Amino acid sequence: MPENNDYFDKYTPFFSASSSQLFLQKCYTYEKIEDAEKKSYENCYPFIYHIEHAKLYYTQSAIAPLSLQPILSFYGFSLLLKACLLTVNPNYPESTSLLAHGVTTRKRKKQQYDFLKDEVKTQKNGLFTSIAENLFHIKHLEGEKFSMESLLAEIPEMQTLPWTHSKKNFVSLIPTDDGMELPSSILDSYQMASSRFLEFLKVKTDEVYDLKESNGKLLIKTDKAFKYNAPSPVRYNTEKDLFMLSLNKNSAVFSLPELLIHYLISYNLSIIARYETEWWAELLKTMPNDDYPSIVQFLIVSQAKMPFLVFQWLKSGRFSPPDDIT
């Protein structure tokens with residue numbers, strides 16, 4: 001998996017006021033925002049500084065002790081998301097309530113605390129809500145609870161961990177000359193006939209238009225390439241360079257965009273590293289259970305994947321056909 005700085009360096013045009021101004025003007029015009037040119041000039045430096053400071057946090061996280069990495073990564077990730085929000089809302093943040101995290105968790109952990117069973121709860125206002133509504137047009141998430149185990153199960157690169165082996169969470173979408181190929185056994189996993197499965201994919205992905213079954217395989221045809229950041233059960237695996245379909249159709253996380261999934265986990269880990277110092281130190285020293293490898297693996301994956309997904313969204317996630325930065 002590429003290092004996170006590889007993605008920052010690839011998008012160095014954002015570190016130019018003139019390029020960022022033109023990019024923001026295009027974003028505001030696309031969003032039909034009044035005074036697009038004026039507001040793009042006002043926001044080009046805040047936009048650059050968010051990305052620049054995010055790079056600094058990620059750079060330091062890469063060389064920091066493991067005990068500090070969750071804090072540095074979370075703040076770097078938050079700054080990237082704020083840069084994204086500036087491309088759709090030139091007035092962000094309109095109030096101090098939007099500067100909150102938008103998520104809460106139990107500050108004091110119970111005895112025999114199990115990270116995988118821990119939960120986060122979404123709030124009415126804050127960064128999480130702003131991301132969900134402005135970047136993905138998802139509303140009504142206030143008060144939802146998500147466990148760390150259910151969130152981690154929806155990240156394809158996390159499927160190498162021992163605790164994930166008891167249940168297969170993903171199946172690969174294999175590219176062919178005619179579309180994408182899946183094993184027909186997935187119909188058993190979803191408990192659907194092929195016709196019902198096709199309708200399901202049409203609704204959930206907005207890209208699939210046909211499906212054929214032959215010789216134990218399902219051939220899926222799409223109008224366009226799958227999106228990296230869609231609210232969809234199709235997720236991109238950076239290690240395998242493949243899109244994969246989630247099998248967790250009964251999970252509350254099933255269609256949650258992966259950027260939101262990583263934000264929820266990253267937030268909780270940053271809280272633990274800041275406030276639960278005794279448990280955190282004991283975990284790092286004794287490695288008593290599956291919590292330690294799960295957290296370490298998540299940090300490795302997220303520190304590289306989140307800049308990749310953010311820059312994919314910034315550069316081409318909203319424009320059709322995909323555009324260059326300038």
# chains A, B, ... in the order shown; residues from 1 in each chain; ligands from 1
>>> residues_around(residues="Glu142 (chain A)", least_positions_apart="6", cutoff="9 Å", atoms="only C-alpha atoms", output="ChimeraX atom specification")
/A:102,121-125,129
>>> write_last_selection(atoms="all heavy atoms", output="mmCIF file, in the first residue's frame")
data_model
loop_
_atom_site.group_PDB
_atom_site.id
_atom_site.type_symbol
_atom_site.label_atom_id
_atom_site.label_comp_id
_atom_site.auth_asym_id
_atom_site.auth_seq_id
_atom_site.Cartn_x
_atom_site.Cartn_y
_atom_site.Cartn_z
ATOM 1 N N GLY A 102 -19.026 15.777 16.270
ATOM 2 C CA GLY A 102 -20.249 15.178 15.736
ATOM 3 C C GLY A 102 -20.448 13.737 16.152
ATOM 4 O O GLY A 102 -21.370 13.061 15.680
ATOM 5 N N LYS A 121 -21.522 7.047 19.145
ATOM 6 C CA LYS A 121 -22.882 7.510 18.878
ATOM 7 C C LYS A 121 -22.821 8.846 18.150
ATOM 8 O O LYS A 121 -22.088 9.755 18.557
ATOM 9 C CB LYS A 121 -23.647 7.666 20.198
ATOM 10 C CG LYS A 121 -25.099 8.085 20.041
ATOM 11 C CD LYS A 121 -25.773 8.185 21.416
ATOM 12 C CE LYS A 121 -27.224 8.625 21.287
ATOM 13 N NZ LYS A 121 -27.884 8.721 22.623
ATOM 14 N N THR A 122 -23.566 8.963 17.072
ATOM 15 C CA THR A 122 -23.540 10.179 16.266
ATOM 16 C C THR A 122 -24.414 11.260 16.905
ATOM 17 O O THR A 122 -25.413 10.973 17.575
ATOM 18 C CB THR A 122 -24.027 9.910 14.839
ATOM 19 O OG1 THR A 122 -25.364 9.380 14.889
ATOM 20 C CG2 THR A 122 -23.126 8.891 14.153
ATOM 21 N N GLN A 123 -24.029 12.516 16.679
ATOM 22 C CA GLN A 123 -24.738 13.655 17.243
ATOM 23 C C GLN A 123 -25.380 14.505 16.148
ATOM 24 O O GLN A 123 -25.118 14.316 14.961
ATOM 25 C CB GLN A 123 -23.768 14.500 18.086
ATOM 26 C CG GLN A 123 -23.207 13.744 19.290
ATOM 27 C CD GLN A 123 -22.241 14.588 20.095
ATOM 28 O OE1 GLN A 123 -21.317 15.179 19.561
ATOM 29 N NE2 GLN A 123 -22.460 14.650 21.402
ATOM 30 N N LYS A 124 -26.175 15.485 16.593
ATOM 31 C CA LYS A 124 -26.928 16.309 15.644
ATOM 32 C C LYS A 124 -26.021 17.228 14.843
ATOM 33 O O LYS A 124 -26.213 17.418 13.635
ATOM 34 C CB LYS A 124 -27.974 17.132 16.394
ATOM 35 C CG LYS A 124 -28.843 17.995 15.485
ATOM 36 C CD LYS A 124 -29.905 18.734 16.282
ATOM 37 C CE LYS A 124 -30.778 19.578 15.355
ATOM 38 N NZ LYS A 124 -31.835 20.313 16.113
ATOM 39 N N ASN A 125 -25.042 17.836 15.509
ATOM 40 C CA ASN A 125 -24.162 18.804 14.855
ATOM 41 C C ASN A 125 -22.708 18.374 14.973
ATOM 42 O O ASN A 125 -22.336 17.621 15.862
ATOM 43 C CB ASN A 125 -24.333 20.197 15.478
ATOM 44 C CG ASN A 125 -25.721 20.761 15.271
ATOM 45 O OD1 ASN A 125 -26.239 20.746 14.155
ATOM 46 N ND2 ASN A 125 -26.337 21.239 16.340
ATOM 47 N N THR A 129 -21.555 14.967 11.013
ATOM 48 C CA THR A 129 -22.845 15.266 10.387
ATOM 49 C C THR A 129 -22.666 16.105 9.129
ATOM 50 O O THR A 129 -23.328 15.878 8.109
ATOM 51 C CB THR A 129 -23.754 16.004 11.381
ATOM 52 O OG1 THR A 129 -23.836 15.250 12.592
ATOM 53 C CG2 THR A 129 -25.150 16.184 10.813
#
>>> residues_around(residues="Tyr57 (chain A)", least_positions_apart="3", cutoff="12 Å", atoms="only C-alpha atoms", output="ChimeraX atom specification")
/A:4-5,8,50-54,60-64,68-80,303,307
>>> write_last_selection(atoms="C-alpha atoms", output="compact mmCIF listing (two decimals), in the first residue's frame")
# COMPACT_ATOMS: atom_id res chain seq x y z
CA ASN A 4 0.05 8.66 2.61
CA ASN A 5 2.60 11.26 1.45
CA PHE A 8 -0.18 14.37 -1.05
CA HIS A 50 -6.11 22.62 5.58
CA ILE A 51 -4.36 20.24 3.19
CA GLU A 52 -0.88 21.48 4.13
CA HIS A 53 -1.50 21.00 7.85
CA ALA A 54 -3.09 17.61 7.22
CA GLN A 60 4.46 13.13 11.96
CA SER A 61 2.10 10.22 12.55
CA ALA A 62 4.23 8.02 10.29
CA ILE A 63 7.31 8.55 12.50
CA ALA A 64 5.58 8.94 15.88
CA LEU A 68 0.50 8.98 19.60
CA GLN A 69 -0.49 7.88 16.09
CA PRO A 70 -4.29 7.83 16.65
CA ILE A 71 -4.29 11.48 17.73
CA LEU A 72 -2.11 12.73 14.88
CA SER A 73 -3.94 10.69 12.25
CA PHE A 74 -7.37 11.82 13.42
CA TYR A 75 -6.46 15.51 13.27
CA GLY A 76 -4.86 15.09 9.86
CA PHE A 77 -7.95 13.29 8.61
CA SER A 78 -10.25 15.96 10.07
CA LEU A 79 -8.36 18.71 8.25
CA LEU A 80 -8.68 16.88 4.93
CA GLN A 303 -3.12 6.42 7.35
CA PRO A 307 -5.63 10.57 1.89
>>> select_by_dssp(residues="region 40-235 of chain A", states="helix (DSSP H, G or I)", output="ChimeraX atom specification")
/A:40-63,69-88,96-99,115-117,127-136,148-152,156-158,162-164,186-190,194-205
>>> closest_residue(among="A:Lys32, A:Lys224, A:Lys212, A:Lys168", to="Ala193 (chain A)", atoms="only C-alpha atoms")
A:Lys212
>>> residues_around(residues="Leu198 (chain A)", least_positions_apart="3", cutoff="10 Å", atoms="only C-alpha atoms", output="ChimeraX atom specification")
/A:192-195,201-204,208-212,220
>>> write_last_selection(atoms="N, CA, C and O atoms", output="PDB file, in the first residue's frame")
ATOM      1  N   MET A 192     -31.044 -14.378  -2.268  1.00  0.00           N
ATOM      2  CA  MET A 192     -31.816 -13.739  -3.334  1.00  0.00           C
ATOM      3  C   MET A 192     -31.691 -14.533  -4.623  1.00  0.00           C
ATOM      4  O   MET A 192     -30.649 -15.152  -4.871  1.00  0.00           O
ATOM      5  N   ALA A 193     -32.740 -14.468  -5.432  1.00  0.00           N
ATOM      6  CA  ALA A 193     -32.648 -14.962  -6.800  1.00  0.00           C
ATOM      7  C   ALA A 193     -31.870 -13.936  -7.616  1.00  0.00           C
ATOM      8  O   ALA A 193     -31.719 -12.778  -7.209  1.00  0.00           O
ATOM      9  N   SER A 194     -31.386 -14.338  -8.790  1.00  0.00           N
ATOM     10  CA  SER A 194     -30.547 -13.438  -9.586  1.00  0.00           C
ATOM     11  C   SER A 194     -31.290 -12.165  -9.986  1.00  0.00           C
ATOM     12  O   SER A 194     -30.708 -11.072 -10.002  1.00  0.00           O
ATOM     13  N   SER A 195     -32.591 -12.278 -10.288  1.00  0.00           N
ATOM     14  CA  SER A 195     -33.356 -11.094 -10.684  1.00  0.00           C
ATOM     15  C   SER A 195     -33.489 -10.110  -9.524  1.00  0.00           C
ATOM     16  O   SER A 195     -33.372  -8.894  -9.697  1.00  0.00           O
ATOM     17  N   LEU A 201     -28.725  -4.483  -6.587  1.00  0.00           N
ATOM     18  CA  LEU A 201     -27.496  -3.794  -6.982  1.00  0.00           C
ATOM     19  C   LEU A 201     -27.796  -2.483  -7.691  1.00  0.00           C
ATOM     20  O   LEU A 201     -27.083  -1.491  -7.523  1.00  0.00           O
ATOM     21  N   LYS A 202     -28.854  -2.466  -8.494  1.00  0.00           N
ATOM     22  CA  LYS A 202     -29.233  -1.226  -9.182  1.00  0.00           C
ATOM     23  C   LYS A 202     -29.533  -0.123  -8.183  1.00  0.00           C
ATOM     24  O   LYS A 202     -29.118   1.022  -8.349  1.00  0.00           O
ATOM     25  N   VAL A 203     -30.261  -0.472  -7.139  1.00  0.00           N
ATOM     26  CA  VAL A 203     -30.639   0.520  -6.131  1.00  0.00           C
ATOM     27  C   VAL A 203     -29.431   0.940  -5.298  1.00  0.00           C
ATOM     28  O   VAL A 203     -29.227   2.127  -5.023  1.00  0.00           O
ATOM     29  N   LYS A 204     -28.613  -0.022  -4.911  1.00  0.00           N
ATOM     30  CA  LYS A 204     -27.525   0.256  -3.972  1.00  0.00           C
ATOM     31  C   LYS A 204     -26.307   0.895  -4.623  1.00  0.00           C
ATOM     32  O   LYS A 204     -25.546   1.603  -3.951  1.00  0.00           O
ATOM     33  N   VAL A 208     -24.926  -0.486 -11.787  1.00  0.00           N
ATOM     34  CA  VAL A 208     -25.202  -1.783 -12.417  1.00  0.00           C
ATOM     35  C   VAL A 208     -26.484  -1.697 -13.240  1.00  0.00           C
ATOM     36  O   VAL A 208     -27.477  -1.127 -12.811  1.00  0.00           O
ATOM     37  N   TYR A 209     -26.453  -2.250 -14.462  1.00  0.00           N
ATOM     38  CA  TYR A 209     -27.662  -2.247 -15.285  1.00  0.00           C
ATOM     39  C   TYR A 209     -28.050  -3.624 -15.807  1.00  0.00           C
ATOM     40  O   TYR A 209     -29.150  -3.809 -16.328  1.00  0.00           O
ATOM     41  N   ASP A 210     -27.166  -4.624 -15.699  1.00  0.00           N
ATOM     42  CA  ASP A 210     -27.525  -5.947 -16.204  1.00  0.00           C
ATOM     43  C   ASP A 210     -26.732  -7.005 -15.450  1.00  0.00           C
ATOM     44  O   ASP A 210     -25.656  -6.729 -14.894  1.00  0.00           O
ATOM     45  N   LEU A 211     -27.269  -8.226 -15.448  1.00  0.00           N
ATOM     46  CA  LEU A 211     -26.617  -9.342 -14.771  1.00  0.00           C
ATOM     47  C   LEU A 211     -26.972 -10.620 -15.504  1.00  0.00           C
ATOM     48  O   LEU A 211     -28.135 -10.853 -15.843  1.00  0.00           O
ATOM     49  N   LYS A 212     -25.961 -11.448 -15.751  1.00  0.00           N
ATOM     50  CA  LYS A 212     -26.172 -12.746 -16.386  1.00  0.00           C
ATOM     51  C   LYS A 212     -25.489 -13.824 -15.565  1.00  0.00           C
ATOM     52  O   LYS A 212     -24.408 -13.617 -15.022  1.00  0.00           O
ATOM     53  N   ILE A 220     -21.723  -9.072 -14.110  1.00  0.00           N
ATOM     54  CA  ILE A 220     -22.408  -7.812 -13.849  1.00  0.00           C
ATOM     55  C   ILE A 220     -21.932  -6.775 -14.846  1.00  0.00           C
ATOM     56  O   ILE A 220     -20.724  -6.600 -15.060  1.00  0.00           O
TER      57      ILE A 220
END
>>> closest_residue(among="A:Ser16, A:Ser150, A:Thr59, A:Ser130", to="Leu99 (chain A)", atoms="only C-alpha atoms")
A:Ser130
>>> residues_around(residues="Val301 (chain A)", least_positions_apart="6", cutoff="12 Å", atoms="only C-alpha atoms", output="short mmCIF file (atom, residue, chain, number, x, y, z; two decimals) with C-alpha atoms, in the first residue's frame")
data_model
loop_
_atom_site.label_atom_id
_atom_site.label_comp_id
_atom_site.auth_asym_id
_atom_site.auth_seq_id
_atom_site.Cartn_x
_atom_site.Cartn_y
_atom_site.Cartn_z
CA MET A 1 0.00 0.00 0.00
CA PRO A 2 1.43 3.43 -0.89
CA GLU A 3 2.43 5.79 1.90
CA ASN A 4 0.05 8.66 2.61
CA ALA A 62 4.23 8.02 10.29
CA SER A 73 -3.94 10.69 12.25
CA LEU A 152 -13.89 -2.65 10.99
CA ILE A 155 -13.00 -2.21 5.56
CA PRO A 156 -11.68 -4.68 2.94
CA GLU A 157 -8.03 -4.39 4.00
CA MET A 158 -8.93 -5.48 7.54
CA GLN A 159 -10.02 -8.94 6.44
CA THR A 160 -6.60 -10.51 7.10
CA ASN A 237 -9.38 -2.61 -1.67
CA THR A 238 -6.15 -0.65 -2.11
CA GLU A 239 -3.97 -3.68 -1.41
CA HIS A 262 -12.82 5.55 9.12
CA SER A 266 -10.39 7.23 14.15
CA SER A 294 -6.93 -4.76 15.04
CA ILE A 295 -5.89 -1.25 16.06
CA PRO A 307 -5.63 10.57 1.89
CA PHE A 308 -6.20 8.41 -1.19
CA LEU A 309 -10.00 8.41 -0.80
#
>>> residues_around(residues="Lys117 (chain A)", least_positions_apart="6", cutoff="8 Å", atoms="only C-alpha atoms", output="compact mmCIF listing (two decimals) with all heavy atoms, in the first residue's frame")
# COMPACT_ATOMS: atom_id res chain seq x y z
N SER A 147 -20.75 -0.14 16.46
CA SER A 147 -19.67 -0.82 17.19
C SER A 147 -18.40 -0.82 16.35
O SER A 147 -18.45 -0.77 15.12
CB SER A 147 -20.07 -2.26 17.52
OG SER A 147 -20.05 -3.08 16.36
N MET A 148 -17.27 -0.89 17.05
CA MET A 148 -15.99 -0.93 16.35
C MET A 148 -15.89 -2.19 15.48
O MET A 148 -15.37 -2.15 14.37
CB MET A 148 -14.83 -0.91 17.36
CG MET A 148 -14.72 0.37 18.19
SD MET A 148 -14.39 1.84 17.19
CE MET A 148 -16.04 2.59 17.13
N GLU A 149 -16.41 -3.29 15.98
CA GLU A 149 -16.34 -4.55 15.22
C GLU A 149 -17.11 -4.45 13.91
O GLU A 149 -16.62 -4.86 12.85
CB GLU A 149 -16.90 -5.69 16.06
CG GLU A 149 -16.75 -7.06 15.42
CD GLU A 149 -17.13 -8.19 16.34
OE1 GLU A 149 -17.59 -7.91 17.47
OE2 GLU A 149 -16.98 -9.35 15.93
>>> atom_distance(atom1="CA of Phe298 (chain A)", atom2="CA of Leu264 (chain A)")
12.1 Å
>>> closest_atom_pairs(of="region 33-144 of chain A", to="region 256-259 of chain A", cutoff="9 Å", atoms="only C-alpha atoms", output="tab-separated table")
residue	atom	partner	partner_atom	distance
A:Ile131	CA	A:Leu259	CA	9.0
A:Ala132	CA	A:Pro257	CA	8.6
A:Phe136	CA	A:Pro257	CA	7.8
>>> residues_around(residues="Glu119 (chain A)", least_positions_apart="5", cutoff="12 Å", atoms="only C-alpha atoms", output="JSON, numbers by chain")
{"A": [103, 104, 105, 106, 107, 109, 113, 114, 143, 144, 145, 146, 147, 148, 149, 150, 151, 152, 264, 265, 267, 268, 269]}
>>> atom_distance(atom1="CA of Ser172 (chain A)", atom2="CA of Met244 (chain A)")
4.4 Å
>>> atom_distance(atom1="CA of Glu42 (chain A)", atom2="CA of Pro90 (chain A)")
8.6 Å
>>> residues_around(residues="Leu219 (chain A)", least_positions_apart="2", cutoff="8 Å", atoms="only C-alpha atoms", output="VMD selection string")
chain A and resid 178 to 182 211 to 214 217 221
>>> closest_residue(among="A:Leu56, A:Ala153, A:Leu116, A:Cys84", to="Phe170 (chain A)", atoms="only C-alpha atoms")
A:Ala153
